[in-house]
Amino acid sequence: MRFTIFLACLLASARAFTSPQLSSVRNTQTSTVFNRNKIAISSSNEKEAALAETMNGYTVKQRLREEVESPFRKVRLAFFAFSSASAFVAFYFSALVAVKANIGGYADIPPLDEALTQVAINISGALGFGALAVREIKVGQGNLERIAKGGLLARLVVEPAVEEASKRTLKEYRRNSRVIIAAGGAEYIRSLSMSLCSDQLADENILPAALAGVDVVVVPVLLDEDYNVVETKSAWRSAIPGENDRNFDSTRADEVVCFPSILSMWQEYINSDIETAKGQGFDVLSKGITITVKKNGRILRRATGLPPFGDMVGMMEVADGSKFGMPGDSERYGGP
């Protein structure tokens, strides 16, 4: 009997110290972590989708950036609009007073000269503040267009000339390189190719190495007779050197050359620059246009003709502010 009781207690003890079911706990923890990650990813996607929603042609993200860059523009707009409306209401009542003063026979009506002075002041205020309000609207619209075009510039895709290099967006060149977009007709692209890939002076052409030393990347963009962006790489590779172009090698400048890819995006971006140049009387196909992009992604200059590579090598560090205004470059340029 005692042995039976002892055996029962021993079995109960063994059961009490049996190892817990860890598999179910682990599965629960894994499921919880997975659900949390799924919720976080879903939330992030929802935020990105919300920022990408367009309203009147511009995304929420672009509008938020415009407000950050011009934080008091809407305050000024509200002030000018309210002041214009207030002056217009005052003009209405002052005009009634002027009419009564002209008719005569009303008590407590100021003289006609004084009433007309009030009318002139009020209408001037309404028109003046209204013009300032319209100006603020136009400034905001211009800022949005600039920001939208800057966003499109960042999304442009290029194919480095170096063999087997993967395609990149211009956004990936920020902080590291300056980008020179040179667009023009076939002869313009040929001249650009010769200036980088052949010896046109008595000594050897060292422009590619010099441009690489100041972090410059050149993107030639070929335009057809209808100003459409077409495939550029084959035209660059098959360029025919002239009498003064010695030792031509189309791969000599591959280190600093990229070719446009996804041409529809390039067409959308460069259309406005082409129209502006044509409106100013420039021959875009023969003279070409150049757009110089700073390391921070902003436009340094727009010009016509071939890029002045010689000047850029000597002044680029100062011209785009990198030597003084790029955080994190102290090790390269010195300073605190």
# chains A, B, ... in the order shown; residues from 1 in each chain; ligands from 1

call {"tool": "select_by_dssp", "arguments": {"residues": "range 65-233 of chain A", "states": "strand (DSSP E or B)", "output": "PyMOL selection string"}}
result
chain A and resi 157-160+168-169+178-184+199+216-223+229-230

call {"tool": "write_last_selection", "arguments": {"atoms": "N, CA, C and O atoms", "output": "CSV table (one decimal), in the first residue's frame"}}
result
chain,number,residue,atom,x,y,z
A,157,VAL,N,16.3,58.1,-65.7
A,157,VAL,CA,17.1,57.0,-65.7
A,157,VAL,C,18.3,57.1,-66.7
A,157,VAL,O,18.0,57.5,-67.9
A,158,VAL,N,19.5,56.8,-66.3
A,158,VAL,CA,20.6,56.8,-67.2
A,158,VAL,C,21.3,55.4,-67.2
A,158,VAL,O,21.2,54.7,-66.3
A,159,GLU,N,22.0,55.2,-68.3
A,159,GLU,CA,22.8,53.9,-68.5
A,159,GLU,C,24.3,54.3,-68.6
A,159,GLU,O,24.7,55.0,-69.6
A,160,PRO,N,25.1,54.1,-67.5
A,160,PRO,CA,26.5,54.4,-67.6
A,160,PRO,C,27.2,53.8,-68.9
A,160,PRO,O,26.8,52.7,-69.3
A,168,ARG,N,20.9,53.6,-63.5
A,168,ARG,CA,20.7,54.3,-62.3
A,168,ARG,C,19.8,55.5,-62.6
A,168,ARG,O,19.7,56.0,-63.7
A,169,THR,N,19.2,56.0,-61.5
A,169,THR,CA,18.5,57.3,-61.6
A,169,THR,C,19.4,58.4,-61.3
A,169,THR,O,20.4,58.2,-60.6
A,178,ARG,N,28.1,65.9,-60.1
A,178,ARG,CA,27.4,66.9,-60.8
A,178,ARG,C,27.1,66.4,-62.1
A,178,ARG,O,27.9,65.7,-62.7
A,179,VAL,N,25.9,66.7,-62.6
A,179,VAL,CA,25.4,66.1,-63.9
A,179,VAL,C,25.2,67.2,-64.9
A,179,VAL,O,24.6,68.2,-64.6
A,180,ILE,N,25.8,67.0,-66.1
A,180,ILE,CA,25.6,68.0,-67.2
A,180,ILE,C,24.8,67.3,-68.3
A,180,ILE,O,25.3,66.3,-68.9
A,181,ILE,N,23.6,67.8,-68.5
A,181,ILE,CA,22.8,67.3,-69.6
A,181,ILE,C,23.0,68.1,-70.8
A,181,ILE,O,22.8,69.3,-70.8
A,182,ALA,N,23.5,67.5,-71.9
A,182,ALA,CA,23.7,68.2,-73.1
A,182,ALA,C,22.9,67.7,-74.2
A,182,ALA,O,23.1,66.5,-74.6
A,183,ALA,N,21.9,68.4,-74.7
A,183,ALA,CA,20.9,68.0,-75.7
A,183,ALA,C,21.1,68.7,-77.0
A,183,ALA,O,21.2,70.0,-77.0
A,184,GLY,N,21.0,68.0,-78.1
A,184,GLY,CA,21.1,68.7,-79.4
A,184,GLY,C,20.9,67.7,-80.5
A,184,GLY,O,20.7,66.5,-80.3
A,199,ASP,N,41.8,63.8,-79.6
A,199,ASP,CA,42.8,64.8,-79.3
A,199,ASP,C,42.7,66.0,-80.4
A,199,ASP,O,43.0,65.8,-81.5
A,216,VAL,N,32.2,65.2,-62.2
A,216,VAL,CA,31.2,65.6,-63.3
A,216,VAL,C,30.8,64.4,-64.1
A,216,VAL,O,31.7,63.6,-64.5
A,217,VAL,N,29.5,64.3,-64.4
A,217,VAL,CA,29.0,63.2,-65.2
A,217,VAL,C,28.3,63.9,-66.4
A,217,VAL,O,27.5,64.8,-66.2
A,218,VAL,N,28.5,63.5,-67.6
A,218,VAL,CA,27.9,64.1,-68.8
A,218,VAL,C,26.9,63.1,-69.4
A,218,VAL,O,27.2,62.0,-69.6
A,219,VAL,N,25.7,63.7,-69.7
A,219,VAL,CA,24.6,62.9,-70.3
A,219,VAL,C,24.3,63.5,-71.6
A,219,VAL,O,23.6,64.5,-71.7
A,220,PRO,N,24.8,63.0,-72.7
A,220,PRO,CA,24.4,63.5,-74.1
A,220,PRO,C,23.0,63.0,-74.4
A,220,PRO,O,22.7,61.8,-74.2
A,221,VAL,N,22.2,63.9,-74.9
A,221,VAL,CA,20.8,63.6,-75.3
A,221,VAL,C,20.6,63.9,-76.8
A,221,VAL,O,20.7,65.1,-77.1
A,222,LEU,N,20.4,63.0,-77.6
A,222,LEU,CA,20.2,63.2,-79.0
A,222,LEU,C,18.8,63.5,-79.4
A,222,LEU,O,17.8,62.8,-78.9
A,223,LEU,N,18.6,64.6,-80.1
A,223,LEU,CA,17.2,65.0,-80.6
A,223,LEU,C,17.1,64.9,-82.1
A,223,LEU,O,18.1,65.2,-82.8
A,229,VAL,N,13.4,63.0,-78.3
A,229,VAL,CA,14.6,62.4,-77.7
A,229,VAL,C,14.7,61.0,-78.3
A,229,VAL,O,13.7,60.2,-78.2
A,230,VAL,N,15.8,60.6,-78.9
A,230,VAL,CA,16.0,59.3,-79.5
A,230,VAL,C,17.2,58.7,-78.9
A,230,VAL,O,18.0,59.3,-78.2

call {"tool": "atom_distance", "arguments": {"atom1": "CA of Leu196 in chain A", "atom2": "CA of Arg252 in chain A"}}
result
7.5 Å

call {"tool": "closest_residue", "arguments": {"among": "A:Ser124, A:Ser86, A:Ser250, A:Gln141", "to": "Gln62 in chain A", "atoms": "only C-alpha atoms"}}
result
A:Gln141

call {"tool": "select_by_dssp", "arguments": {"residues": "range 109-222 of chain A", "states": "alpha helix (DSSP H)", "output": "ChimeraX atom specification"}}
result
/A:112-155,186-197,207-213

call {"tool": "residues_around", "arguments": {"residues": "Ala98 in chain A", "least_positions_apart": "2", "cutoff": "10 Å", "atoms": "only C-alpha atoms", "output": "PDB file with C-alpha atoms, in the first residue's frame"}}
result
ATOM      1  CA  TYR A  92     -18.912  99.794 -52.417  1.00  0.00           C
ATOM      2  CA  PHE A  93     -20.132 101.864 -49.502  1.00  0.00           C
ATOM      3  CA  SER A  94     -17.922 104.849 -50.335  1.00  0.00           C
ATOM      4  CA  ALA A  95     -19.272 104.767 -53.892  1.00  0.00           C
ATOM      5  CA  LEU A  96     -22.822 104.944 -52.505  1.00  0.00           C
ATOM      6  CA  LYS A 100     -25.543 110.580 -52.553  1.00  0.00           C
ATOM      7  CA  ALA A 101     -23.150 113.497 -52.247  1.00  0.00           C
ATOM      8  CA  ASN A 102     -23.475 114.135 -55.988  1.00  0.00           C
ATOM      9  CA  ILE A 103     -27.289 114.030 -55.847  1.00  0.00           C
ATOM     10  CA  GLY A 104     -27.455 116.173 -52.724  1.00  0.00           C
ATOM     11  CA  ILE A 109     -23.066 113.164 -46.139  1.00  0.00           C
ATOM     12  CA  PRO A 110     -19.501 114.466 -46.636  1.00  0.00           C
ATOM     13  CA  PRO A 111     -18.662 116.813 -49.515  1.00  0.00           C
ATOM     14  CA  LEU A 112     -18.314 115.278 -52.963  1.00  0.00           C
ATOM     15  CA  ASP A 113     -14.536 115.861 -53.120  1.00  0.00           C
ATOM     16  CA  GLU A 114     -13.987 114.025 -49.855  1.00  0.00           C
ATOM     17  CA  ALA A 115     -16.294 111.176 -50.930  1.00  0.00           C
ATOM     18  CA  LEU A 116     -14.447 110.786 -54.239  1.00  0.00           C
ATOM     19  CA  THR A 117     -11.128 110.695 -52.357  1.00  0.00           C
ATOM     20  CA  GLN A 118     -12.415 107.824 -50.234  1.00  0.00           C
ATOM     21  CA  VAL A 119     -13.587 106.015 -53.365  1.00  0.00           C
TER      22      VAL A 119
END

call {"tool": "atom_distance", "arguments": {"atom1": "CA of Gly314 in chain A", "atom2": "CA of Lys294 in chain A"}}
result
15.2 Å

call {"tool": "atom_distance", "arguments": {"atom1": "CA of Leu170 in chain A", "atom2": "CA of Arg155 in chain A"}}
result
6.3 Å

call {"tool": "residues_around", "arguments": {"residues": "Ala87 in chain A", "least_positions_apart": "5", "cutoff": "7 Å", "atoms": "only C-alpha atoms", "output": "PDB file with N, CA and C atoms, in the first residue's frame"}}
result
ATOM      1  N   ASN A 122     -10.113 103.471 -51.633  1.00  0.00           N
ATOM      2  CA  ASN A 122     -10.622 102.113 -51.477  1.00  0.00           C
ATOM      3  C   ASN A 122     -10.421 101.270 -52.735  1.00  0.00           C
ATOM      4  N   ILE A 123     -10.658 101.851 -53.908  1.00  0.00           N
ATOM      5  CA  ILE A 123     -10.480 101.073 -55.135  1.00  0.00           C
ATOM      6  C   ILE A 123      -9.007 100.775 -55.369  1.00  0.00           C
ATOM      7  N   GLY A 125      -6.821 100.349 -52.952  1.00  0.00           N
ATOM      8  CA  GLY A 125      -6.498  99.276 -52.021  1.00  0.00           C
ATOM      9  C   GLY A 125      -6.986  97.926 -52.508  1.00  0.00           C
ATOM     10  N   ALA A 126      -8.210  97.884 -53.049  1.00  0.00           N
ATOM     11  CA  ALA A 126      -8.757  96.625 -53.549  1.00  0.00           C
ATOM     12  C   ALA A 126      -7.923  96.079 -54.697  1.00  0.00           C
TER      13      ALA A 126
END
